[in-house]
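Reading through the structure tokens given below for one structure.
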Amino acid sequence: MKMLNNSLMLLPLLALAFAAVSSLQYSRHDFPPDFVFGSGTSAFQVEGAANEDGRTPSIWDVLAHAGHSGVVAGDVACDQYHKYKEDVKLMADIGLEAYRFSISWSRLLPSGREPVNPKGLQYYNNLIDELISHGIQPHVTLHHFDLPQTLEDEYGGWLSQESVRDFTAYADTCFKEFGDRVLHWTTINEANVFALGGYDQGVSPPARCSPPFGSNCSHGNSSIEPYIVVHNLLLAHASATNLYKKQYKYKQHGSVGISVYAYGTVPLTDSVEDKQATARVNDFYIGWILHPLVFGDYPETMRTNVGSRLPVFTKEESEQVKGAFDFVGVINYLAVYVKDNSSSLKPNPQDLITDTAAELTVIYGSLWFLQFAVAVFGNTSLENEVLYHANAPWSLQQILLHIKESYENPPVTSHNSSLEDTTRIEYLSSYIEAVLHSLRKGSNVKGYFQWSLMDVFEIFGGFEKSYGLYYVDFKDPYLKRIPKLSAH
């Protein structure tokens with residue numbers, strides 16, 4: 001994987017430059033006609049109706065009911081299952097061009113496999129039709145941290161290659177039932193975060209980890225399971241993508257991608273060691289997913305540091321994975337300083353955090369996302385409390401340009417979030433401007449999706465965190481939605 005070029009090493013100066021040009025004006029007409037602006041949610045966080053009409057529990061249901069988020073799970077959430085028409089009208093009211101939502105695998109296929117649940121099928125058909133009738137593009141995610149619990153119980157879920165078969169069949173059902181109207185498919189949401197949070201740190205579904213990593217570990221192996229899971233996720237993604245290309249693309253004309261979480265990264269010092277550590281961080285968090293998809297194998301730095309714990313693609317698997325995507329979804333919350341920590345490469349025990357051999361210090365981002373980073377990515381510290389809510393639009397621009405230069409400039413959709421609505425308007429404005437700058441520098445970015453459309457059930461903190469363009473009054477029996485300033 002290529003090192004970041006020198007211009008990207010001067011990112012603090014870029015931040016000042018953005019501040020200097022913040023008064024610049026831009027409009028929708030500055031973006032290409034096919035560029036799309038949207039917002040997003042996920043099934044478990046917004047739908048509710050968790051026990052209605054044949055839906056069975058997912059691994060997220062089980063974790064939430066175990067008290068992980070400190071609330072009574074997402075059984076009702078925003079009740080979009082019953083209020084989807086109202087919500088689509090809210091999207092239309094603010095001129096949303098696209099809506100990124102996920103399908104609940106266990107609502108559509110309660111056993112994890114066919115037969116299809118007719119009520120689940122009807123709901124997603126109704127939602128998709130309602131979006132299209134209001135001129136809003138449906139962008140569908142197939143897996144957003146919510147594998148059916150029945151498959152977790154049967155064979156260990158994503159730890160088994162049986163998951164590849166079942167995910168492919170599930171994707172096939174979705175392509176067949178909805179592909180005549182859905183043109184944009186994301187297979188796996190934040191594949192790297194799902195593996196790290198769920199199988200290394202034990203803070204997200206299915207909450208597996210092992211000492212001394214994570215917390216309250218009762219089962220799991222942090223040293224090897226994240227690597228196994230991502231390997232199976234990549235094989236499942238490739239299998240579903242190649243199925244779409246062979247059986248559906250010629251008649252449906254859609255596209256299939258995967259989403260990855262990415263930090264904006266800056267070497268803490270100008271030393272060779274910190275620059276190499278920064279490249280390693282990009283390899284371990286971005287390259288872990290994208291390198292196999294572009295080049296057919298994991299980055300060499302991962303092969304060196306992880307050794308035999310990193311799964312190996314067979315020649316056939318490498319050929320199946322390489323090129324198996326039409327676009328990449330990039331999700332960005334934080335910018336970090338990177339310091340070399342080669343001393344972490346000790347014989348035993350190891351996990352992905354120590355394998356990276358780097359220390360990360362948050363320099364821009366919200367307090368809650370700092371907590372998120374600590375929970376999921378481990379040894380992450382805070383540089384300056386004053387910067388909790390500081391904008392870092394250069395962070396997203398850096399990631400987009402890095403992907404352009406290192407991974408053959410694939411089409412990209414970008415996603416990010418903020419904390420308080422008093423700063424969200426400035427935040428969104430500066431990030432959209434950063435995307436515009438990236439476009440003008442040749443990045444093949446195709447869309448920008450804000451998280452989230454409305455206040456939803458969050459994986460950390462339940463209903464206490466508020467990221468929506470619409471405020472949801474969870475104390476109101478009708479869950480009234482109220483637009484914030486940022487919605488306008």
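The chains in the structure tokens are called A, B, ... from first to last as shown; in each chain the residues are counted from 1, and the ligands are counted from 1 in the order shown.
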Who sits within 8 Å of range 183-189 of chain A, only C-alpha atoms, same chain under 3 positions skipped, as a count of residues only:
24
Could you list, with a cut-off of 10 Å and counting only C-alpha atoms, the residues of range 35-94 of chain A near range 207-231 of chain A, each shown with its nearest atom pair and the distance in Å rounded to one decimal, rows sorted by chain and ascending number, as a Markdown table?
| residue | atom | partner | partner_atom | distance |
| --- | --- | --- | --- | --- |
| A:Ile59 | CA | A:Ala207 | CA | 9.0 |
| A:Trp60 | CA | A:Ala207 | CA | 9.4 |
| A:Val62 | CA | A:Ala207 | CA | 10.0 |
| A:Leu63 | CA | A:Ala207 | CA | 7.3 |
| A:His68 | CA | A:Ala207 | CA | 9.3 |
Residue selection dump (N, CA and C atoms) as a PDB file, in the first residue's frame:
ATOM      1  N   ILE A  59     -28.774 -10.669  16.485  1.00  0.00           N
ATOM      2  CA  ILE A  59     -27.738 -10.608  17.525  1.00  0.00           C
ATOM      3  C   ILE A  59     -27.763  -9.264  18.243  1.00  0.00           C
ATOM      4  N   TRP A  60     -28.254  -8.228  17.582  1.00  0.00           N
ATOM      5  CA  TRP A  60     -28.362  -6.911  18.225  1.00  0.00           C
ATOM      6  C   TRP A  60     -29.491  -6.911  19.258  1.00  0.00           C
ATOM      7  N   VAL A  62     -30.469  -9.443  21.025  1.00  0.00           N
ATOM      8  CA  VAL A  62     -30.007 -10.220  22.174  1.00  0.00           C
ATOM      9  C   VAL A  62     -29.063  -9.392  23.030  1.00  0.00           C
ATOM     10  N   LEU A  63     -28.142  -8.670  22.401  1.00  0.00           N
ATOM     11  CA  LEU A  63     -27.194  -7.855  23.156  1.00  0.00           C
ATOM     12  C   LEU A  63     -27.901  -6.721  23.882  1.00  0.00           C
ATOM     13  N   HIS A  68     -26.936  -4.071  27.438  1.00  0.00           N
ATOM     14  CA  HIS A  68     -25.725  -3.424  26.926  1.00  0.00           C
ATOM     15  C   HIS A  68     -25.887  -1.911  26.814  1.00  0.00           C
TER      16      HIS A  68
END
Report, in Å to a single decimal, how far apart CA of Leu310 in chain A and CA of Ile331 in chain A are.
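Atom-to-atom, CA of Ile331 in chain A to CA of Leu310 in chain A, that is 24.4 Å.
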Closest-contact table, range 404-454 of chain A side, partner range 92-101 of chain A, 12 Å, counting only C-alpha atoms, as CSV:
residue,atom,partner,partner_atom,distance
A:Thr413,CA,A:Arg100,CA,11.0
A:Ser414,CA,A:Arg100,CA,11.6
A:His415,CA,A:Arg100,CA,10.3
A:Gly447,CA,A:Ala98,CA,9.4
A:Tyr448,CA,A:Ala98,CA,9.6
A:Phe449,CA,A:Arg100,CA,7.6
A:Gln450,CA,A:Arg100,CA,9.4
A:Trp451,CA,A:Arg100,CA,9.4
A:Ser452,CA,A:Arg100,CA,9.5
A:Leu453,CA,A:Tyr99,CA,8.5
A:Met454,CA,A:Tyr99,CA,11.8
What separates CA of Gly198 in chain A and CA of Leu352 in chain A is a distance of 12.6 Å
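Residues surrounding Trp288 in chain A within 8 Å are A:Asn192, A:Tyr298, A:Pro299, A:Met302 [only C-alpha atoms; sequence separation below 6 positions excluded].
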Please compute the CA of Glu162 in chain A-CA of Gly112 in chain A distance, one decimal, in Å.
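These atoms are spaced 11.7 Å apart.
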What lies within 10 Å of Leu439 in chain A using only C-alpha atoms, ignoring chain neighbours under 6 positions off, as a ChimeraX atom specification?
/A:31-32,397,400-401,433,445-446
Only N, CA and C atoms, please: the residues just picked out, written as a short mmCIF file (atom, residue, chain, number, x, y, z; two decimals), in the first residue's frame.
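Contents of selection28.cif, freshly written:
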data_model
loop_
_atom_site.label_atom_id
_atom_site.label_comp_id
_atom_site.auth_asym_id
_atom_site.auth_seq_id
_atom_site.Cartn_x
_atom_site.Cartn_y
_atom_site.Cartn_z
N PHE A 31 -22.36 20.58 -7.81
CA PHE A 31 -22.13 19.14 -7.81
C PHE A 31 -22.68 18.53 -9.10
N PRO A 32 -22.11 17.42 -9.54
CA PRO A 32 -22.61 16.78 -10.76
C PRO A 32 -24.09 16.40 -10.63
N GLN A 397 -11.89 14.77 3.42
CA GLN A 397 -11.20 14.99 2.15
C GLN A 397 -9.95 14.14 2.05
N LEU A 400 -10.88 10.52 1.22
CA LEU A 400 -11.32 10.37 -0.16
C LEU A 400 -10.13 10.40 -1.12
N LEU A 401 -9.20 11.31 -0.87
CA LEU A 401 -8.04 11.41 -1.75
C LEU A 401 -7.09 10.22 -1.55
N GLU A 433 -18.63 20.94 1.79
CA GLU A 433 -17.63 21.72 1.06
C GLU A 433 -16.36 20.90 0.85
N VAL A 445 -16.13 10.63 -5.97
CA VAL A 445 -17.16 10.54 -4.94
C VAL A 445 -18.52 10.80 -5.57
N LYS A 446 -19.49 9.95 -5.23
CA LYS A 446 -20.78 9.94 -5.91
C LYS A 446 -21.94 10.43 -5.04
#
Env of Thr265 in chain A: 6 Å cut, atoms = only C-alpha atoms, seq-sep filter 2 positions within chain, self excluded. Answer as a PDB file with N, CA, C and O atoms, in the first residue's frame.
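Dumped to out.pdb:
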ATOM      1  N   TYR A 263     -10.624   6.623   9.754  1.00  0.00           N
ATOM      2  CA  TYR A 263     -10.134   7.805  10.448  1.00  0.00           C
ATOM      3  C   TYR A 263      -9.484   8.763   9.449  1.00  0.00           C
ATOM      4  O   TYR A 263      -8.880   8.332   8.463  1.00  0.00           O
ATOM      5  N   ALA A 335     -10.855  12.531  13.447  1.00  0.00           N
ATOM      6  CA  ALA A 335      -9.483  12.693  12.968  1.00  0.00           C
ATOM      7  C   ALA A 335      -8.543  12.405  14.133  1.00  0.00           C
ATOM      8  O   ALA A 335      -8.832  12.762  15.277  1.00  0.00           O
ATOM      9  N   VAL A 336      -7.418  11.758  13.846  1.00  0.00           N
ATOM     10  CA  VAL A 336      -6.512  11.340  14.916  1.00  0.00           C
ATOM     11  C   VAL A 336      -5.065  11.650  14.558  1.00  0.00           C
ATOM     12  O   VAL A 336      -4.673  11.647  13.388  1.00  0.00           O
ATOM     13  N   TYR A 337      -4.268  11.926  15.599  1.00  0.00           N
ATOM     14  CA  TYR A 337      -2.823  11.884  15.476  1.00  0.00           C
ATOM     15  C   TYR A 337      -2.383  10.433  15.628  1.00  0.00           C
ATOM     16  O   TYR A 337      -2.959   9.672  16.415  1.00  0.00           O
TER      17      TYR A 337
END
Selection near Ser111 in chain A, 12 Å with only C-alpha atoms, sequence-local residues under 4 positions removed, as a list in words:
Gly54, Arg55, Thr56, Pro57, Ser58, Trp105, Ser106, Arg107, Pro115, Val116, Asn117, Leu147, Pro148, Gln149, Thr150, Leu151, Glu152, Asp153, Glu154, Asp166 and Tyr170 of chain A
Near-His134 in chain A list (9 Å; only C-alpha atoms; drop same-chain fewer than 6 positions) as a PyMOL selection string:
chain A and resi 88-89+91-92
I need the residues from that last selection saved to file as an mmCIF file, in the first residue's frame (with N, CA, C and O atoms), if you can.
data_model
loop_
_atom_site.group_PDB
_atom_site.id
_atom_site.type_symbol
_atom_site.label_atom_id
_atom_site.label_comp_id
_atom_site.auth_asym_id
_atom_site.auth_seq_id
_atom_site.Cartn_x
_atom_site.Cartn_y
_atom_site.Cartn_z
ATOM 1 N N VAL A 88 -41.393 9.167 5.244
ATOM 2 C CA VAL A 88 -41.042 9.473 3.854
ATOM 3 C C VAL A 88 -41.494 10.879 3.496
ATOM 4 O O VAL A 88 -40.786 11.612 2.791
ATOM 5 N N LYS A 89 -42.640 11.295 4.008
ATOM 6 C CA LYS A 89 -43.089 12.668 3.760
ATOM 7 C C LYS A 89 -42.116 13.675 4.382
ATOM 8 O O LYS A 89 -41.839 14.727 3.797
ATOM 9 N N MET A 91 -38.948 13.229 4.735
ATOM 10 C CA MET A 91 -37.795 13.258 3.833
ATOM 11 C C MET A 91 -38.079 14.165 2.633
ATOM 12 O O MET A 91 -37.224 14.966 2.231
ATOM 13 N N ALA A 92 -39.268 14.017 2.081
ATOM 14 C CA ALA A 92 -39.626 14.837 0.921
ATOM 15 C C ALA A 92 -39.705 16.313 1.292
ATOM 16 O O ALA A 92 -39.324 17.179 0.497
#
Residues of range 289-333 of chain A in strand (DSSP E) according to DSSP, as a list in words?
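Put together, the selection reads Phe327, Val328, Gly329, Val330, Ile331 and Asn332 of chain A.
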Residue set, range 66-302 of chain A restricted to alpha helix (DSSP H), as a ChimeraX atom specification:
/A:80-93,105-108,118-133,149-155,162-178,191-199,225-247,249-252,272-282,288-295,300-302
Go through A:Glu317, A:Lys441, A:Ala277, A:Val330 and flag the residue nearest Ser395 in chain A, using only C-alpha atoms for the distances.
A:Val330
